[in-house]
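These notes are about the structure you will find just below.
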Amino acid sequence: MRRLLIIADDFGLTPGVTVGIVAAMREGLVSGASAMVCVPGAEDNLRQWSGAAAGCLGLHLQLSGGRPACDPARVATLVDREGRFPRKGHGLGSLALPADQIEREWRAQAARLRALGIEPSHMDTHHHVHRHGSVFPVFRRLAAEWGLPARAIGPAMARSLQACGVPSAEHCAIEFYGEPITVERLVAVVEAGFAAVGGAGTLELMVHPGCADAALRARSAYVEERERERALLCSDRLAAALDAAGVSIIAPSELRKAP
């Protein structure tokens with residue numbers, strides 16, 4: 001059995017991104033989305049559109065690309081002098097970030113999402129910051145406490161999560177980002193992902209569909225590409241190609257069930 005969970009990151013980033021993700025869920029193959037709460041306008045976007053992703057909207061935990069949900073003074077090691085997270089998460093791997101500050105901030109982000117009436121269906125992180133050694137133990141502990149399926153980047157991470165009772169796919173393929181945005185490349189990424197877990201099982205695929213808007217252009221270099229991802233994920237040709245490969249699309253709730 002080959003089960004595929006397709007999760008759209010960055011729900012709430014801008015109005016256009018949010019609308020585009022909703023379209024990819026309603027009209028395409030996207031199984032669910034992950035919501036960020038620490039960027040400007042996120043709460044308004046979530047209030048307006050979260051109902052369209054009810055039951056399939058997870059928490060996209062941030063340590064990069066926004067402002068903390070906590071008072072910056074309470075997470076001082078995580079922010080710059082202006083109280084902002086770093087723009088990207090790449091440099092975090094070289095830092096020994098304090099677990100208590102990460103946990104404090106992520107609890108505040110979860111509380112902010114729940115205050116909007118959204119109970120997350122799963123959890124992952126912006127810029128994959130939970131890959132880093134000082135961050136992953138906090139991510140795993142909170143996933144276990146909250147009882148949420150969590151993103152595993154690689155089979156070893158999946159085993160570590162599952163050993164703590166955290167449901168996850170066996171691997172999350174994160175390589176489908178940037179050009180070429182084609183059926184052939186997406187299917188190749190999926191095939192490589194399944195190969196990493198023995199050819200079958202449960203795989204997650206990270207995607208970034210959206211609609212371009214001025215807010216996105218001011219905030220990200222990945223703009224028109226989101227439009228092309230949305231069109232691809234809504235295409236009959238992609239659906240047929242995945243079906244021919246023996247792939248079944250699943251919802252986040254299916255991670256709690258044995259294949």
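The way I read the labels, and the way they are meant: chains A, B, ... in the order of the structure tokens, residue 1 as the first residue of every chain, and ligand 1 as the first ligand shown, with later ones counted on from there.
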
Skip Ile250 in chain A itself and residues of its chain fewer than 6 positions away, then list as a PDB file with N, CA and C atoms, in the first residue's frame all residues within 9 Å of it, counting only C-alpha atoms.
ATOM      1  N   ARG A   3       0.436   5.161   0.597  1.00  0.00           N
ATOM      2  CA  ARG A   3      -0.439   6.243   1.045  1.00  0.00           C
ATOM      3  C   ARG A   3       0.341   7.552   1.011  1.00  0.00           C
ATOM      4  N   LEU A   4      -0.279   8.597   0.494  1.00  0.00           N
ATOM      5  CA  LEU A   4       0.387   9.887   0.362  1.00  0.00           C
ATOM      6  C   LEU A   4      -0.448  10.988   0.999  1.00  0.00           C
ATOM      7  N   LEU A   5       0.184  11.697   1.914  1.00  0.00           N
ATOM      8  CA  LEU A   5      -0.405  12.867   2.566  1.00  0.00           C
ATOM      9  C   LEU A   5       0.240  14.106   1.946  1.00  0.00           C
ATOM     10  N   ILE A   6      -0.549  14.954   1.317  1.00  0.00           N
ATOM     11  CA  ILE A   6      -0.025  16.165   0.674  1.00  0.00           C
ATOM     12  C   ILE A   6      -0.417  17.370   1.526  1.00  0.00           C
ATOM     13  N   SER A  31      -4.203  17.429   0.792  1.00  0.00           N
ATOM     14  CA  SER A  31      -4.907  16.745   1.883  1.00  0.00           C
ATOM     15  C   SER A  31      -5.210  17.653   3.055  1.00  0.00           C
TER      16      SER A  31
END

So that I can check the surroundings of Glu175 in chain A, please list as a VMD selection string every protein, DNA and RNA residue that reaches within 9 Å of it, counting only C-alpha atoms and ignoring chain neighbours fewer than 2 positions away.
chain A and resid 173 177 to 178 186 189 205 to 206

Can I get the selected residues back with C-alpha atoms, as a PDB file, in the first residue's frame?
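Result file is again.pdb:
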ATOM      1  CA  ALA A 173       9.566  14.501   1.042  1.00  0.00           C
ATOM      2  CA  TYR A 177      10.253  23.236  -4.094  1.00  0.00           C
ATOM      3  CA  GLY A 178      11.239  25.424  -7.024  1.00  0.00           C
ATOM      4  CA  LEU A 186       6.475  15.725  -8.546  1.00  0.00           C
ATOM      5  CA  VAL A 189       9.944  13.166  -5.801  1.00  0.00           C
ATOM      6  CA  LEU A 205       4.768  15.498   0.592  1.00  0.00           C
ATOM      7  CA  MET A 206       5.367  19.164   1.386  1.00  0.00           C
TER       8      MET A 206
END

Excluding His171 in chain A and any residue of its chain fewer than 5 positions from it, enumerate the residues within 8 Å of it, using only C-alpha atoms, and give them as a PyMOL selection string.
chain A and resi 151-155+158+193+196-197+202-204

Could you dump the residues just selected with C-alpha atoms as a compact mmCIF listing (two decimals), in the first residue's frame?
# COMPACT_ATOMS: atom_id res chain seq x y z
CA ARG A 151 6.13 15.74 10.37
CA ALA A 152 9.05 13.34 10.15
CA ILE A 153 11.87 14.38 7.86
CA GLY A 154 13.46 11.01 7.28
CA PRO A 155 12.79 7.49 8.56
CA ALA A 158 9.78 8.95 12.15
CA GLY A 193 10.26 9.29 -1.08
CA ALA A 196 13.48 5.79 1.05
CA VAL A 197 10.97 3.76 3.09
CA THR A 202 2.96 6.22 4.23
CA LEU A 203 4.69 9.27 2.80
CA GLU A 204 4.10 12.98 3.37

As an exercise, work out the distance from CA of Gly65 in chain A to CA of Ala42 in chain A in Å and give it to one decimal place.
12.3 Å

So, counting only C-alpha atoms, which residue among A:Pro137, A:Gly198, A:Pro98, A:Gly55 is closest to Ala76 in chain A?
A:Pro98

Write out as a PyMOL selection string the residues lying within 8 Å of Ala239 in chain A, counting only C-alpha atoms and excluding same-chain residues fewer than 4 positions away.
chain A and resi 29+235+243

For a test of reading the model, state the distance in Å between CA of Val190 in chain A and CA of Arg141 in chain A, rounded to one decimal.
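Taking CA of Val190 in chain A and CA of Arg141 in chain A, their separation equals 28.6 Å.
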
Judged by only C-alpha atoms, the minimum distance to Cys172 in chain A among A:Ala231, A:Ile7, A:Gln109, A:Arg256 is found for A:Ile7

For Arg67 in chain A, the closest of A:Gly41, A:Gly117, A:Pro149, A:Gly201 counting only C-alpha atoms is A:Gly41

Which one is closest to Ala200 in chain A: A:Leu61, A:Ala245, A:Ala144, A:Ile181? Count only C-alpha atoms.
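Comparing A:Leu61, A:Ala245, A:Ala144, A:Ile181 against Ala200 in chain A, the winner is A:Ala245.
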
Show me, as a list in words, the residues that have an atom within 8 Å of range 13-28 of chain A when counting only C-alpha atoms, minus same-chain residues fewer than 3 positions from it.
Ala8, Asp10, Ser31, Gly32, Ala33, Met36, Val39, Pro40, Gly41, Ala42, Asn45, Trp49, Ala52, Ala53, His208, Pro209, Gly210, Cys211, Ala212, Asp213, Ala215, Leu216, Arg226, Glu227, Arg230, Ala231, Leu233, Cys234 and Ser235 of chain A

Store the residues picked out above, limited to N, CA and C atoms, as a compact mmCIF listing (two decimals), in the first residue's frame.
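Saved as result_3.txt:
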# COMPACT_ATOMS: atom_id res chain seq x y z
N ALA A 8 0.05 21.42 2.45
CA ALA A 8 0.44 22.75 1.99
C ALA A 8 0.90 23.58 3.18
N ASP A 10 2.33 27.10 5.06
CA ASP A 10 2.19 28.56 5.03
C ASP A 10 0.76 29.08 4.95
N SER A 31 -4.20 17.43 0.79
CA SER A 31 -4.91 16.74 1.88
C SER A 31 -5.21 17.65 3.06
N GLY A 32 -4.32 18.61 3.28
CA GLY A 32 -4.44 19.48 4.45
C GLY A 32 -3.45 20.60 4.35
N ALA A 33 -3.42 21.45 5.37
CA ALA A 33 -2.54 22.62 5.36
C ALA A 33 -2.03 22.86 6.77
N MET A 36 0.39 29.16 10.03
CA MET A 36 1.35 29.95 10.79
C MET A 36 0.60 31.11 11.46
N VAL A 39 2.96 35.80 11.58
CA VAL A 39 3.24 36.75 10.50
C VAL A 39 2.11 37.78 10.45
N PRO A 40 2.38 38.98 9.94
CA PRO A 40 1.33 40.01 9.90
C PRO A 40 0.11 39.56 9.11
N GLY A 41 -1.06 39.76 9.69
CA GLY A 41 -2.30 39.43 9.01
C GLY A 41 -2.73 37.99 9.15
N ALA A 42 -1.92 37.15 9.79
CA ALA A 42 -2.25 35.73 9.87
C ALA A 42 -3.59 35.49 10.55
N ASN A 45 -6.46 36.23 8.23
CA ASN A 45 -6.56 35.21 7.19
C ASN A 45 -7.14 33.91 7.75
N TRP A 49 -10.65 32.05 6.57
CA TRP A 49 -10.54 30.88 5.71
C TRP A 49 -10.35 29.55 6.42
N ALA A 52 -12.66 26.52 5.76
CA ALA A 52 -12.54 25.76 4.51
C ALA A 52 -11.57 24.60 4.65
N ALA A 53 -10.77 24.60 5.73
CA ALA A 53 -9.82 23.52 5.96
C ALA A 53 -10.12 22.80 7.27
N HIS A 208 3.75 24.00 -1.69
CA HIS A 208 3.54 25.42 -1.40
C HIS A 208 2.67 26.08 -2.47
N PRO A 209 1.42 25.66 -2.61
CA PRO A 209 0.53 26.33 -3.55
C PRO A 209 0.09 27.69 -3.01
N GLY A 210 -0.40 28.53 -3.91
CA GLY A 210 -0.91 29.83 -3.48
C GLY A 210 -1.33 30.66 -4.66
N CYS A 211 -1.83 31.84 -4.37
CA CYS A 211 -2.11 32.86 -5.37
C CYS A 211 -1.20 34.05 -5.07
N ALA A 212 -0.56 34.57 -6.09
CA ALA A 212 0.36 35.69 -5.90
C ALA A 212 -0.40 36.95 -5.52
N ASP A 213 0.11 37.68 -4.55
CA ASP A 213 -0.44 38.99 -4.20
C ASP A 213 0.69 39.91 -3.76
N ALA A 215 1.32 41.32 -0.95
CA ALA A 215 1.90 40.98 0.35
C ALA A 215 2.93 39.87 0.20
N LEU A 216 2.65 38.90 -0.66
CA LEU A 216 3.60 37.81 -0.87
C LEU A 216 4.86 38.32 -1.55
N ARG A 226 4.26 29.57 -6.64
CA ARG A 226 3.10 29.08 -5.88
C ARG A 226 1.87 28.97 -6.78
N GLU A 227 1.74 29.88 -7.72
CA GLU A 227 0.65 29.80 -8.69
C GLU A 227 0.77 28.52 -9.51
N ARG A 230 -0.11 25.47 -7.48
CA ARG A 230 -1.56 25.33 -7.33
C ARG A 230 -2.18 24.72 -8.58
N ALA A 231 -1.80 25.22 -9.75
CA ALA A 231 -2.34 24.68 -10.99
C ALA A 231 -1.99 23.20 -11.16
N LEU A 233 -1.29 20.98 -8.77
CA LEU A 233 -1.98 20.15 -7.78
C LEU A 233 -3.46 20.00 -8.07
N CYS A 234 -3.99 20.86 -8.93
CA CYS A 234 -5.40 20.76 -9.33
C CYS A 234 -5.56 20.09 -10.70
N SER A 235 -4.48 19.57 -11.26
CA SER A 235 -4.55 19.05 -12.62
C SER A 235 -4.99 17.58 -12.65
